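Containing PDB, C-alpha atoms: my_file-v2.pdb.
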```
ATOM      1  CA  GLY A   1      -9.514 -35.162  59.845  1.00  0.00           C
ATOM      2  CA  ALA A   2      -9.330 -33.387  63.238  1.00  0.00           C
ATOM      3  CA  VAL A   3      -6.167 -31.410  62.558  1.00  0.00           C
ATOM      4  CA  VAL A   4      -5.067 -28.669  64.937  1.00  0.00           C
ATOM      5  CA  SER A   5      -2.276 -26.259  64.099  1.00  0.00           C
ATOM      6  CA  GLN A   6      -0.264 -23.926  66.273  1.00  0.00           C
ATOM      7  CA  HIS A   7       1.820 -20.936  65.356  1.00  0.00           C
ATOM      8  CA  PRO A   8       4.609 -20.239  65.956  1.00  0.00           C
ATOM      9  CA  SER A   9       6.218 -23.613  66.613  1.00  0.00           C
ATOM     10  CA  TRP A  10       8.943 -21.947  68.616  1.00  0.00           C
ATOM     11  CA  VAL A  11       9.717 -18.454  69.789  1.00  0.00           C
ATOM     12  CA  ILE A  12      12.569 -16.746  71.605  1.00  0.00           C
ATOM     13  CA  CYS A  13      11.869 -13.414  73.219  1.00  0.00           C
ATOM     14  CA  LYS A  14      13.378 -10.958  75.650  1.00  0.00           C
ATOM     15  CA  SER A  15      12.137 -10.698  79.203  1.00  0.00           C
ATOM     16  CA  GLY A  16       9.303  -8.195  79.520  1.00  0.00           C
ATOM     17  CA  THR A  17       7.887  -8.660  76.039  1.00  0.00           C
ATOM     18  CA  SER A  18       4.552 -10.259  75.180  1.00  0.00           C
ATOM     19  CA  VAL A  19       4.154 -13.313  72.998  1.00  0.00           C
ATOM     20  CA  LYS A  20       1.009 -14.463  71.174  1.00  0.00           C
ATOM     21  CA  ILE A  21       0.424 -18.097  70.254  1.00  0.00           C
ATOM     22  CA  GLU A  22      -2.327 -19.069  67.819  1.00  0.00           C
ATOM     23  CA  CYS A  23      -4.252 -22.314  67.827  1.00  0.00           C
ATOM     24  CA  ARG A  24      -6.438 -23.262  64.871  1.00  0.00           C
ATOM     25  CA  SER A  25      -8.712 -26.197  64.159  1.00  0.00           C
ATOM     26  CA  LEU A  26      -8.217 -26.722  60.416  1.00  0.00           C
ATOM     27  CA  ASP A  27     -10.982 -29.113  59.420  1.00  0.00           C
ATOM     28  CA  PHE A  28     -13.579 -28.897  62.148  1.00  0.00           C
ATOM     29  CA  GLN A  29     -15.273 -26.366  64.350  1.00  0.00           C
ATOM     30  CA  ALA A  30     -14.208 -26.360  67.964  1.00  0.00           C
ATOM     31  CA  THR A  31     -16.539 -24.761  70.458  1.00  0.00           C
ATOM     32  CA  THR A  32     -14.068 -25.559  73.196  1.00  0.00           C
ATOM     33  CA  MET A  33     -10.302 -25.256  73.135  1.00  0.00           C
ATOM     34  CA  PHE A  34      -7.858 -25.993  75.910  1.00  0.00           C
ATOM     35  CA  TRP A  35      -4.426 -24.593  76.706  1.00  0.00           C
ATOM     36  CA  TYR A  36      -1.792 -26.707  78.404  1.00  0.00           C
ATOM     37  CA  ARG A  37       1.715 -26.203  79.628  1.00  0.00           C
ATOM     38  CA  GLN A  38       4.247 -29.003  79.750  1.00  0.00           C
ATOM     39  CA  PHE A  39       7.619 -29.136  81.470  1.00  0.00           C
ATOM     40  CA  PRO A  40      10.288 -31.661  80.432  1.00  0.00           C
ATOM     41  CA  LYS A  41       9.531 -35.237  81.463  1.00  0.00           C
ATOM     42  CA  GLN A  42       6.178 -34.196  82.917  1.00  0.00           C
ATOM     43  CA  SER A  43       2.579 -34.627  81.910  1.00  0.00           C
ATOM     44  CA  LEU A  44       0.316 -31.921  80.564  1.00  0.00           C
ATOM     45  CA  MET A  45      -0.860 -29.228  82.959  1.00  0.00           C
ATOM     46  CA  LEU A  46      -4.185 -27.663  82.012  1.00  0.00           C
ATOM     47  CA  MET A  47      -4.018 -23.874  82.163  1.00  0.00           C
ATOM     48  CA  ALA A  48      -7.436 -22.835  80.931  1.00  0.00           C
ATOM     49  CA  THR A  49     -10.539 -23.836  79.028  1.00  0.00           C
ATOM     50  CA  SER A  50     -11.642 -21.539  76.255  1.00  0.00           C
ATOM     51  CA  ASN A  51     -15.155 -21.410  74.866  1.00  0.00           C
ATOM     52  CA  GLU A  52     -15.974 -19.508  71.702  1.00  0.00           C
ATOM     53  CA  GLY A  53     -17.469 -16.125  72.448  1.00  0.00           C
ATOM     54  CA  SER A  54     -17.035 -16.225  76.210  1.00  0.00           C
ATOM     55  CA  LYS A  55     -14.350 -15.665  78.799  1.00  0.00           C
ATOM     56  CA  ALA A  56     -11.876 -18.415  79.436  1.00  0.00           C
ATOM     57  CA  THR A  57     -12.007 -20.482  82.610  1.00  0.00           C
ATOM     58  CA  TYR A  58      -8.617 -20.635  84.278  1.00  0.00           C
ATOM     59  CA  GLU A  59      -7.311 -23.423  86.468  1.00  0.00           C
ATOM     60  CA  GLN A  60      -6.347 -22.687  90.027  1.00  0.00           C
ATOM     61  CA  GLY A  61      -2.973 -21.013  90.263  1.00  0.00           C
ATOM     62  CA  VAL A  62      -2.925 -19.727  86.673  1.00  0.00           C
ATOM     63  CA  GLU A  63      -2.748 -15.939  86.452  1.00  0.00           C
ATOM     64  CA  LYS A  64      -5.494 -14.586  84.214  1.00  0.00           C
ATOM     65  CA  ASP A  65      -3.698 -11.299  83.594  1.00  0.00           C
ATOM     66  CA  LYS A  66      -0.489 -13.079  82.747  1.00  0.00           C
ATOM     67  CA  PHE A  67      -1.951 -15.567  80.286  1.00  0.00           C
ATOM     68  CA  LEU A  68      -4.600 -13.861  78.170  1.00  0.00           C
ATOM     69  CA  ILE A  69      -6.835 -16.186  76.192  1.00  0.00           C
ATOM     70  CA  ASN A  70      -9.152 -15.178  73.389  1.00  0.00           C
ATOM     71  CA  HIS A  71     -11.443 -17.537  71.491  1.00  0.00           C
ATOM     72  CA  ALA A  72     -12.738 -15.273  68.767  1.00  0.00           C
ATOM     73  CA  SER A  73     -14.132 -17.885  66.407  1.00  0.00           C
ATOM     74  CA  LEU A  74     -14.959 -21.578  66.196  1.00  0.00           C
ATOM     75  CA  THR A  75     -11.581 -22.262  64.635  1.00  0.00           C
ATOM     76  CA  LEU A  76      -9.198 -19.893  66.411  1.00  0.00           C
ATOM     77  CA  SER A  77      -8.016 -19.399  69.963  1.00  0.00           C
ATOM     78  CA  THR A  78      -5.015 -17.326  71.043  1.00  0.00           C
ATOM     79  CA  LEU A  79      -2.848 -17.374  74.137  1.00  0.00           C
ATOM     80  CA  THR A  80      -0.855 -14.240  74.931  1.00  0.00           C
ATOM     81  CA  VAL A  81       1.898 -14.484  77.503  1.00  0.00           C
ATOM     82  CA  THR A  82       2.190 -10.935  78.791  1.00  0.00           C
ATOM     83  CA  SER A  83       5.411  -9.460  80.158  1.00  0.00           C
ATOM     84  CA  ALA A  84       7.145 -12.791  79.764  1.00  0.00           C
ATOM     85  CA  HIS A  85       9.866 -13.819  82.198  1.00  0.00           C
ATOM     86  CA  PRO A  86      12.359 -16.685  82.067  1.00  0.00           C
ATOM     87  CA  GLU A  87      10.159 -18.807  84.325  1.00  0.00           C
ATOM     88  CA  ASP A  88       7.466 -18.675  81.616  1.00  0.00           C
ATOM     89  CA  SER A  89       9.756 -20.649  79.318  1.00  0.00           C
ATOM     90  CA  SER A  90       7.946 -23.880  78.566  1.00  0.00           C
ATOM     91  CA  PHE A  91       6.184 -25.972  75.946  1.00  0.00           C
ATOM     92  CA  TYR A  92       2.640 -24.675  75.369  1.00  0.00           C
ATOM     93  CA  ILE A  93       0.112 -26.962  73.708  1.00  0.00           C
ATOM     94  CA  CYS A  94      -3.456 -26.284  72.673  1.00  0.00           C
ATOM     95  CA  SER A  95      -6.185 -28.800  72.016  1.00  0.00           C
ATOM     96  CA  ALA A  96      -9.642 -28.656  70.531  1.00  0.00           C
ATOM     97  CA  GLY A  97     -12.700 -30.669  71.383  1.00  0.00           C
ATOM     98  CA  ALA A  98     -14.205 -32.552  68.452  1.00  0.00           C
ATOM     99  CA  SER A  99     -17.752 -33.812  68.297  1.00  0.00           C
ATOM    100  CA  SER A 100     -16.754 -37.021  66.486  1.00  0.00           C
ATOM    101  CA  TYR A 101     -15.718 -38.612  69.762  1.00  0.00           C
ATOM    102  CA  GLN A 102     -17.354 -37.207  72.823  1.00  0.00           C
ATOM    103  CA  GLU A 103     -14.901 -35.730  75.302  1.00  0.00           C
ATOM    104  CA  THR A 104     -11.940 -36.382  72.986  1.00  0.00           C
ATOM    105  CA  GLN A 105      -9.398 -33.664  72.386  1.00  0.00           C
ATOM    106  CA  TYR A 106      -7.113 -33.244  69.400  1.00  0.00           C
ATOM    107  CA  PHE A 107      -3.822 -31.552  70.111  1.00  0.00           C
ATOM    108  CA  GLY A 108      -1.740 -29.050  68.238  1.00  0.00           C
ATOM    109  CA  PRO A 109       1.984 -29.632  67.682  1.00  0.00           C
ATOM    110  CA  GLY A 110       2.947 -27.277  70.503  1.00  0.00           C
ATOM    111  CA  THR A 111       4.886 -24.046  70.814  1.00  0.00           C
ATOM    112  CA  ARG A 112       8.216 -23.921  72.528  1.00  0.00           C
ATOM    113  CA  LEU A 113       8.782 -20.594  74.284  1.00  0.00           C
ATOM    114  CA  LEU A 114      12.169 -19.458  75.513  1.00  0.00           C
ATOM    115  CA  VAL A 115      12.347 -16.195  77.422  1.00  0.00           C
ATOM    116  CA  LEU A 116      15.821 -14.738  77.770  1.00  0.00           C
TER     117      LEU A 116
ATOM    118  CA  GLN B   1      -3.624 -39.742  95.813  1.00  0.00           C
ATOM    119  CA  LYS B   2      -3.748 -38.677  92.176  1.00  0.00           C
ATOM    120  CA  GLU B   3      -6.966 -39.259  90.265  1.00  0.00           C
ATOM    121  CA  VAL B   4      -5.045 -41.145  87.582  1.00  0.00           C
ATOM    122  CA  GLU B   5      -1.927 -43.182  88.289  1.00  0.00           C
ATOM    123  CA  GLN B   6       0.485 -44.229  85.558  1.00  0.00           C
ATOM    124  CA  ASP B   7       3.940 -45.736  85.929  1.00  0.00           C
ATOM    125  CA  PRO B   8       6.332 -43.218  84.353  1.00  0.00           C
ATOM    126  CA  GLY B   9       8.852 -45.878  83.386  1.00  0.00           C
ATOM    127  CA  PRO B  10      11.107 -45.672  81.490  1.00  0.00           C
ATOM    128  CA  LEU B  11      10.206 -48.952  79.850  1.00  0.00           C
ATOM    129  CA  SER B  12      12.695 -50.526  77.461  1.00  0.00           C
ATOM    130  CA  VAL B  13      11.804 -53.518  75.285  1.00  0.00           C
ATOM    131  CA  PRO B  14      13.374 -55.278  72.277  1.00  0.00           C
ATOM    132  CA  GLU B  15      11.851 -54.873  68.852  1.00  0.00           C
ATOM    133  CA  GLY B  16       8.987 -57.290  68.295  1.00  0.00           C
ATOM    134  CA  ALA B  17       8.003 -57.513  71.955  1.00  0.00           C
ATOM    135  CA  ILE B  18       4.484 -57.089  73.251  1.00  0.00           C
ATOM    136  CA  VAL B  19       4.191 -53.935  75.329  1.00  0.00           C
ATOM    137  CA  SER B  20       1.655 -53.492  78.108  1.00  0.00           C
ATOM    138  CA  LEU B  21       0.930 -50.016  79.432  1.00  0.00           C
ATOM    139  CA  ASN B  22      -1.489 -49.419  82.274  1.00  0.00           C
ATOM    140  CA  CYS B  23      -3.319 -46.780  84.258  1.00  0.00           C
ATOM    141  CA  THR B  24      -5.473 -46.936  87.341  1.00  0.00           C
ATOM    142  CA  TYR B  25      -7.972 -44.324  88.405  1.00  0.00           C
ATOM    143  CA  SER B  26     -10.126 -43.496  91.378  1.00  0.00           C
ATOM    144  CA  ASN B  27     -13.109 -41.601  89.961  1.00  0.00           C
ATOM    145  CA  SER B  28     -15.910 -44.062  89.194  1.00  0.00           C
ATOM    146  CA  ALA B  29     -17.652 -41.386  87.086  1.00  0.00           C
ATOM    147  CA  PHE B  30     -15.032 -41.631  84.340  1.00  0.00           C
ATOM    148  CA  GLN B  31     -16.459 -43.270  81.233  1.00  0.00           C
ATOM    149  CA  TYR B  32     -14.371 -41.898  78.348  1.00  0.00           C
ATOM    150  CA  PHE B  33     -10.875 -43.328  78.077  1.00  0.00           C
ATOM    151  CA  MET B  34      -8.120 -42.367  75.693  1.00  0.00           C
ATOM    152  CA  TRP B  35      -4.523 -43.185  74.957  1.00  0.00           C
ATOM    153  CA  TYR B  36      -2.263 -40.570  73.435  1.00  0.00           C
ATOM    154  CA  ARG B  37       1.230 -40.992  72.009  1.00  0.00           C
ATOM    155  CA  GLN B  38       3.653 -38.098  72.319  1.00  0.00           C
ATOM    156  CA  TYR B  39       6.965 -37.935  70.539  1.00  0.00           C
ATOM    157  CA  SER B  40       9.653 -35.694  71.954  1.00  0.00           C
ATOM    158  CA  ARG B  41       8.921 -31.999  71.388  1.00  0.00           C
ATOM    159  CA  LYS B  42       5.583 -32.741  69.689  1.00  0.00           C
ATOM    160  CA  GLY B  43       1.951 -32.500  70.673  1.00  0.00           C
ATOM    161  CA  PRO B  44       0.091 -35.639  71.834  1.00  0.00           C
ATOM    162  CA  GLU B  45      -1.528 -37.748  69.120  1.00  0.00           C
ATOM    163  CA  LEU B  46      -4.761 -39.626  69.798  1.00  0.00           C
ATOM    164  CA  LEU B  47      -4.198 -43.379  69.481  1.00  0.00           C
ATOM    165  CA  MET B  48      -7.240 -45.023  70.962  1.00  0.00           C
ATOM    166  CA  TYR B  49     -10.608 -43.973  72.319  1.00  0.00           C
ATOM    167  CA  THR B  50     -12.895 -46.234  74.322  1.00  0.00           C
ATOM    168  CA  TYR B  51     -16.258 -45.494  75.827  1.00  0.00           C
ATOM    169  CA  SER B  52     -17.082 -47.360  79.032  1.00  0.00           C
ATOM    170  CA  SER B  53     -15.796 -50.902  79.515  1.00  0.00           C
ATOM    171  CA  GLY B  54     -14.545 -53.285  76.863  1.00  0.00           C
ATOM    172  CA  ASN B  55     -11.820 -53.835  74.320  1.00  0.00           C
ATOM    173  CA  LYS B  56     -10.950 -51.986  71.164  1.00  0.00           C
ATOM    174  CA  GLU B  57      -8.417 -53.031  68.559  1.00  0.00           C
ATOM    175  CA  ASP B  58      -6.738 -50.952  65.872  1.00  0.00           C
ATOM    176  CA  GLY B  59      -3.916 -52.621  63.995  1.00  0.00           C
ATOM    177  CA  ARG B  60      -1.140 -53.471  66.464  1.00  0.00           C
ATOM    178  CA  PHE B  61      -2.843 -51.571  69.278  1.00  0.00           C
ATOM    179  CA  THR B  62      -5.463 -52.902  71.691  1.00  0.00           C
ATOM    180  CA  ALA B  63      -7.098 -50.840  74.411  1.00  0.00           C
ATOM    181  CA  GLN B  64      -8.872 -52.460  77.332  1.00  0.00           C
ATOM    182  CA  VAL B  65     -11.052 -50.846  79.967  1.00  0.00           C
ATOM    183  CA  ASP B  66     -12.145 -52.595  83.156  1.00  0.00           C
ATOM    184  CA  LYS B  67     -14.384 -50.161  84.993  1.00  0.00           C
ATOM    185  CA  SER B  68     -15.042 -52.591  87.835  1.00  0.00           C
ATOM    186  CA  SER B  69     -11.337 -52.532  88.667  1.00  0.00           C
ATOM    187  CA  LYS B  70     -10.807 -48.922  87.545  1.00  0.00           C
ATOM    188  CA  TYR B  71      -7.989 -50.114  85.326  1.00  0.00           C
ATOM    189  CA  ILE B  72      -7.168 -49.430  81.684  1.00  0.00           C
ATOM    190  CA  SER B  73      -4.506 -50.924  79.463  1.00  0.00           C
ATOM    191  CA  LEU B  74      -2.891 -50.398  76.097  1.00  0.00           C
ATOM    192  CA  PHE B  75      -1.183 -53.316  74.386  1.00  0.00           C
ATOM    193  CA  ILE B  76       1.226 -52.875  71.505  1.00  0.00           C
ATOM    194  CA  ARG B  77       1.980 -56.004  69.483  1.00  0.00           C
ATOM    195  CA  ASP B  78       5.118 -56.469  67.394  1.00  0.00           C
ATOM    196  CA  SER B  79       6.596 -53.288  68.786  1.00  0.00           C
ATOM    197  CA  GLN B  80       8.780 -51.205  66.482  1.00  0.00           C
ATOM    198  CA  PRO B  81      11.505 -48.633  67.168  1.00  0.00           C
ATOM    199  CA  SER B  82       9.088 -46.032  65.791  1.00  0.00           C
ATOM    200  CA  ASP B  83       6.792 -46.795  68.748  1.00  0.00           C
ATOM    201  CA  SER B  84       9.399 -45.222  71.055  1.00  0.00           C
ATOM    202  CA  ALA B  85       7.547 -42.324  72.633  1.00  0.00           C
ATOM    203  CA  THR B  86       5.733 -41.287  75.778  1.00  0.00           C
ATOM    204  CA  TYR B  87       2.258 -42.790  76.137  1.00  0.00           C
ATOM    205  CA  LEU B  88      -0.332 -40.835  78.088  1.00  0.00           C
ATOM    206  CA  CYS B  89      -3.600 -42.224  79.336  1.00  0.00           C
ATOM    207  CA  ALA B  90      -6.436 -39.739  79.665  1.00  0.00           C
ATOM    208  CA  MET B  91      -9.978 -39.994  80.859  1.00  0.00           C
ATOM    209  CA  SER B  92     -13.070 -37.964  81.479  1.00  0.00           C
ATOM    210  CA  GLY B  93     -16.679 -38.110  82.545  1.00  0.00           C
ATOM    211  CA  ASP B  94     -19.869 -36.207  81.935  1.00  0.00           C
ATOM    212  CA  ASN B  95     -19.191 -34.018  84.981  1.00  0.00           C
ATOM    213  CA  GLN B  96     -15.720 -32.892  83.900  1.00  0.00           C
ATOM    214  CA  GLY B  97     -16.776 -30.049  81.628  1.00  0.00           C
ATOM    215  CA  GLY B  98     -14.848 -31.539  78.739  1.00  0.00           C
ATOM    216  CA  LYS B  99     -11.578 -31.632  80.680  1.00  0.00           C
ATOM    217  CA  LEU B 100      -9.283 -34.590  80.385  1.00  0.00           C
ATOM    218  CA  ILE B 101      -7.479 -36.019  83.384  1.00  0.00           C
ATOM    219  CA  PHE B 102      -4.070 -37.292  82.330  1.00  0.00           C
ATOM    220  CA  GLY B 103      -1.757 -39.874  83.726  1.00  0.00           C
ATOM    221  CA  GLN B 104       1.885 -38.979  84.175  1.00  0.00           C
ATOM    222  CA  GLY B 105       2.865 -40.705  80.951  1.00  0.00           C
ATOM    223  CA  THR B 106       5.036 -43.784  80.381  1.00  0.00           C
ATOM    224  CA  GLU B 107       8.245 -43.359  78.422  1.00  0.00           C
ATOM    225  CA  LEU B 108       8.722 -46.331  76.093  1.00  0.00           C
ATOM    226  CA  SER B 109      11.888 -47.231  74.237  1.00  0.00           C
ATOM    227  CA  VAL B 110      11.868 -50.033  71.664  1.00  0.00           C
ATOM    228  CA  LYS B 111      15.385 -51.194  70.878  1.00  0.00           C
ATOM    229  CA  PRO B 112      16.213 -52.575  67.403  1.00  0.00           C
TER     230      PRO B 112
END
```

Represent the structure of the file as structure tokens.
Amino acid sequence: GAVVSQHPSWVICKSGTSVKIECRSLDFQATTMFWYRQFPKQSLMLMATSNEGSKATYEQGVEKDKFLINHASLTLSTLTVTSAHPEDSSFYICSAGASSYQETQYFGPGTRLLVL
Amino acid sequence: QKEVEQDPGPLSVPEGAIVSLNCTYSNSAFQYFMWYRQYSRKGPELLMYTYSSGNKEDGRFTAQVDKSSKYISLFIRDSQPSDSATYLCAMSGDNQGGKLIFGQGTELSVKP
């Protein structure tokens, strides 16, 4: 149980285009989902917390208009990187909170984004 | 000072060794403690979850929490090459809004 999927697993795009990443909880309902960014050899950096049916809460320094988050249902959250630039290239990982273990998060496999 | 401190390693051990991974933290309100394993280019995988102080064992893995010392550990017995990965400690409390605070991660290599 507690499986989280992400799509796509990797994406290459041209500078200036927008990219949408989907995060789905496959076997449980997630009222809260989280989006992280990870650079090589570094830990996870929380970008935003997404609650179903409400606006996402962004961490300090994360541009809301750059990284659009939508949590339309209890099993789906999307992250859209708008007008992507090479510095947005990174590994993006989502996680979902599960009620089986309080405060525990289950992570998706990640999406590797390369902006040319 | 970071809220959670974890030695980034890298840590290299021979196959069969006992591995000890540790994190210290400063926030006394933390009461949920987790260890995640992350293979290269993959998402983190939950290994162990512990609430408050105490020990928890699952197969070759043992998690220990000492809240009085603000210190948590993960022990891996009979380590295998397949255990080579980065291990992240994470913790949270009731006042964190569901957010996890992560350590930097320790890179472990188990040599055959």

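With all atoms listed in the file as the atoms that count, the minimum distance from Tyr87 (chain B) to the choices B:Ser26, B:Ser69, B:Ser109, B:Ser53 is reached by B:Ser109.
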
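You can rank A:Glu22, A:Gln38, A:Met33, A:Ser90 by their closest distance to Lys55 (chain A) using only C-alpha atoms, and at the top of that list sits A:Met33.
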
Only residues of chain B matter here; which ones have an atom within 6 Å of chain A, counting all atoms listed in the file? Give them as a compact mmCIF listing (two decimals) with C-alpha atoms, in the frame of the given file.
```
# COMPACT_ATOMS: atom_id res chain seq x y z
CA LYS B 42 5.58 -32.74 69.69
CA GLY B 43 1.95 -32.50 70.67
CA PRO B 44 0.09 -35.64 71.83
CA GLY B 98 -14.85 -31.54 78.74
CA GLN B 104 1.88 -38.98 84.18
```

* May I have the residues within 6 Å of Arg24 (chain A) as a ChimeraX atom specification, using only C-alpha atoms and disregarding those fewer than 2 positions away in the same chain? => /A:4-5,26,75-76

Translate the PyMOL selection byres ((chain A and resi 113) around 12) into a concrete residue list for this structure, as a CSV table (one decimal) with C-alpha atoms, in the coordinates of the input.
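What ended up in result.csv:
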```csv
chain,number,residue,atom,x,y,z
A,7,HIS,CA,1.8,-20.9,65.4
A,8,PRO,CA,4.6,-20.2,66.0
A,9,SER,CA,6.2,-23.6,66.6
A,10,TRP,CA,8.9,-21.9,68.6
A,11,VAL,CA,9.7,-18.5,69.8
A,12,ILE,CA,12.6,-16.7,71.6
A,13,CYS,CA,11.9,-13.4,73.2
A,14,LYS,CA,13.4,-11.0,75.6
A,15,SER,CA,12.1,-10.7,79.2
A,18,SER,CA,4.6,-10.3,75.2
A,19,VAL,CA,4.2,-13.3,73.0
A,20,LYS,CA,1.0,-14.5,71.2
A,21,ILE,CA,0.4,-18.1,70.3
A,37,ARG,CA,1.7,-26.2,79.6
A,38,GLN,CA,4.2,-29.0,79.8
A,39,PHE,CA,7.6,-29.1,81.5
A,80,THR,CA,-0.9,-14.2,74.9
A,81,VAL,CA,1.9,-14.5,77.5
A,84,ALA,CA,7.1,-12.8,79.8
A,85,HIS,CA,9.9,-13.8,82.2
A,86,PRO,CA,12.4,-16.7,82.1
A,87,GLU,CA,10.2,-18.8,84.3
A,88,ASP,CA,7.5,-18.7,81.6
A,89,SER,CA,9.8,-20.6,79.3
A,90,SER,CA,7.9,-23.9,78.6
A,91,PHE,CA,6.2,-26.0,75.9
A,92,TYR,CA,2.6,-24.7,75.4
A,93,ILE,CA,0.1,-27.0,73.7
A,110,GLY,CA,2.9,-27.3,70.5
A,111,THR,CA,4.9,-24.0,70.8
A,112,ARG,CA,8.2,-23.9,72.5
A,114,LEU,CA,12.2,-19.5,75.5
A,115,VAL,CA,12.3,-16.2,77.4
A,116,LEU,CA,15.8,-14.7,77.8
B,41,ARG,CA,8.9,-32.0,71.4
```

* Asked: Contacts of His71 (chain A) at 7 Å or less, counting all atoms listed in the file, minus same-chain residues fewer than 3 places along, as a list in words?
  -> Ser50, Asn51, Glu52, Gly53, Leu76, Ser77 and Thr78 of chain A

* Structure fact -> Correct to one decimal, the distance CA of Met48 (chain B)-CA of Gln64 (chain B) is 9.9 Å

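Take the candidates B:Ile101, B:Ala90, B:Cys23, B:Met34 and check each one against Ile72 (chain B) using all atoms listed in the file; the shortest distance goes to B:Cys23.
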
Can you patch up region 5-11 of chain A, filling it in to all heavy atoms, and show the result as a tab-separated table (two decimals), in the frame of the given file?
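Okay, rebuild.tsv is ready:
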```
chain	number	residue	atom	x	y	z
A	5	SER	N	-3.58	-26.86	64.34
A	5	SER	CA	-2.28	-26.26	64.10
A	5	SER	C	-1.98	-25.23	65.17
A	5	SER	O	-2.90	-24.69	65.81
A	5	SER	CB	-2.23	-25.61	62.71
A	5	SER	OG	-3.05	-24.45	62.69
A	6	GLN	N	-0.71	-24.95	65.34
A	6	GLN	CA	-0.26	-23.93	66.27
A	6	GLN	C	0.81	-23.10	65.60
A	6	GLN	O	1.64	-23.62	64.84
A	6	GLN	CB	0.34	-24.55	67.54
A	6	GLN	CG	-0.63	-24.68	68.69
A	6	GLN	CD	0.03	-25.21	69.94
A	6	GLN	OE1	-0.12	-26.40	70.25
A	6	GLN	NE2	0.72	-24.36	70.68
A	7	HIS	N	0.81	-21.81	65.92
A	7	HIS	CA	1.82	-20.94	65.36
A	7	HIS	C	2.19	-19.88	66.37
A	7	HIS	O	1.29	-19.29	66.99
A	7	HIS	CB	1.28	-20.27	64.07
A	7	HIS	CG	2.25	-19.32	63.46
A	7	HIS	ND1	3.30	-19.74	62.66
A	7	HIS	CD2	2.38	-17.97	63.55
A	7	HIS	CE1	3.99	-18.70	62.28
A	7	HIS	NE2	3.45	-17.61	62.79
A	8	PRO	N	3.45	-19.60	66.60
A	8	PRO	CA	4.61	-20.24	65.96
A	8	PRO	C	4.93	-21.58	66.63
A	8	PRO	O	4.37	-21.90	67.66
A	8	PRO	CB	5.72	-19.22	66.21
A	8	PRO	CG	5.35	-18.59	67.52
A	8	PRO	CD	3.84	-18.53	67.53
A	9	SER	N	5.81	-22.34	66.02
A	9	SER	CA	6.22	-23.61	66.61
A	9	SER	C	7.26	-23.38	67.70
A	9	SER	O	7.39	-24.18	68.63
A	9	SER	CB	6.76	-24.56	65.54
A	9	SER	OG	7.83	-23.94	64.85
A	10	TRP	N	8.02	-22.31	67.55
A	10	TRP	CA	8.94	-21.95	68.62
A	10	TRP	C	9.19	-20.44	68.56
A	10	TRP	O	9.09	-19.82	67.51
A	10	TRP	CB	10.26	-22.72	68.52
A	10	TRP	CG	11.04	-22.49	67.26
A	10	TRP	CD1	10.92	-23.16	66.08
A	10	TRP	CD2	12.05	-21.49	67.06
A	10	TRP	NE1	11.79	-22.65	65.15
A	10	TRP	CE2	12.51	-21.64	65.73
A	10	TRP	CE3	12.62	-20.50	67.85
A	10	TRP	CZ2	13.50	-20.82	65.18
A	10	TRP	CZ3	13.61	-19.69	67.32
A	10	TRP	CH2	14.04	-19.85	66.01
A	11	VAL	N	9.48	-19.89	69.72
A	11	VAL	CA	9.72	-18.45	69.79
A	11	VAL	C	10.71	-18.15	70.92
A	11	VAL	O	10.64	-18.76	71.99
A	11	VAL	CB	8.39	-17.69	69.99
A	11	VAL	CG1	7.68	-18.13	71.24
A	11	VAL	CG2	8.61	-16.19	70.00
```
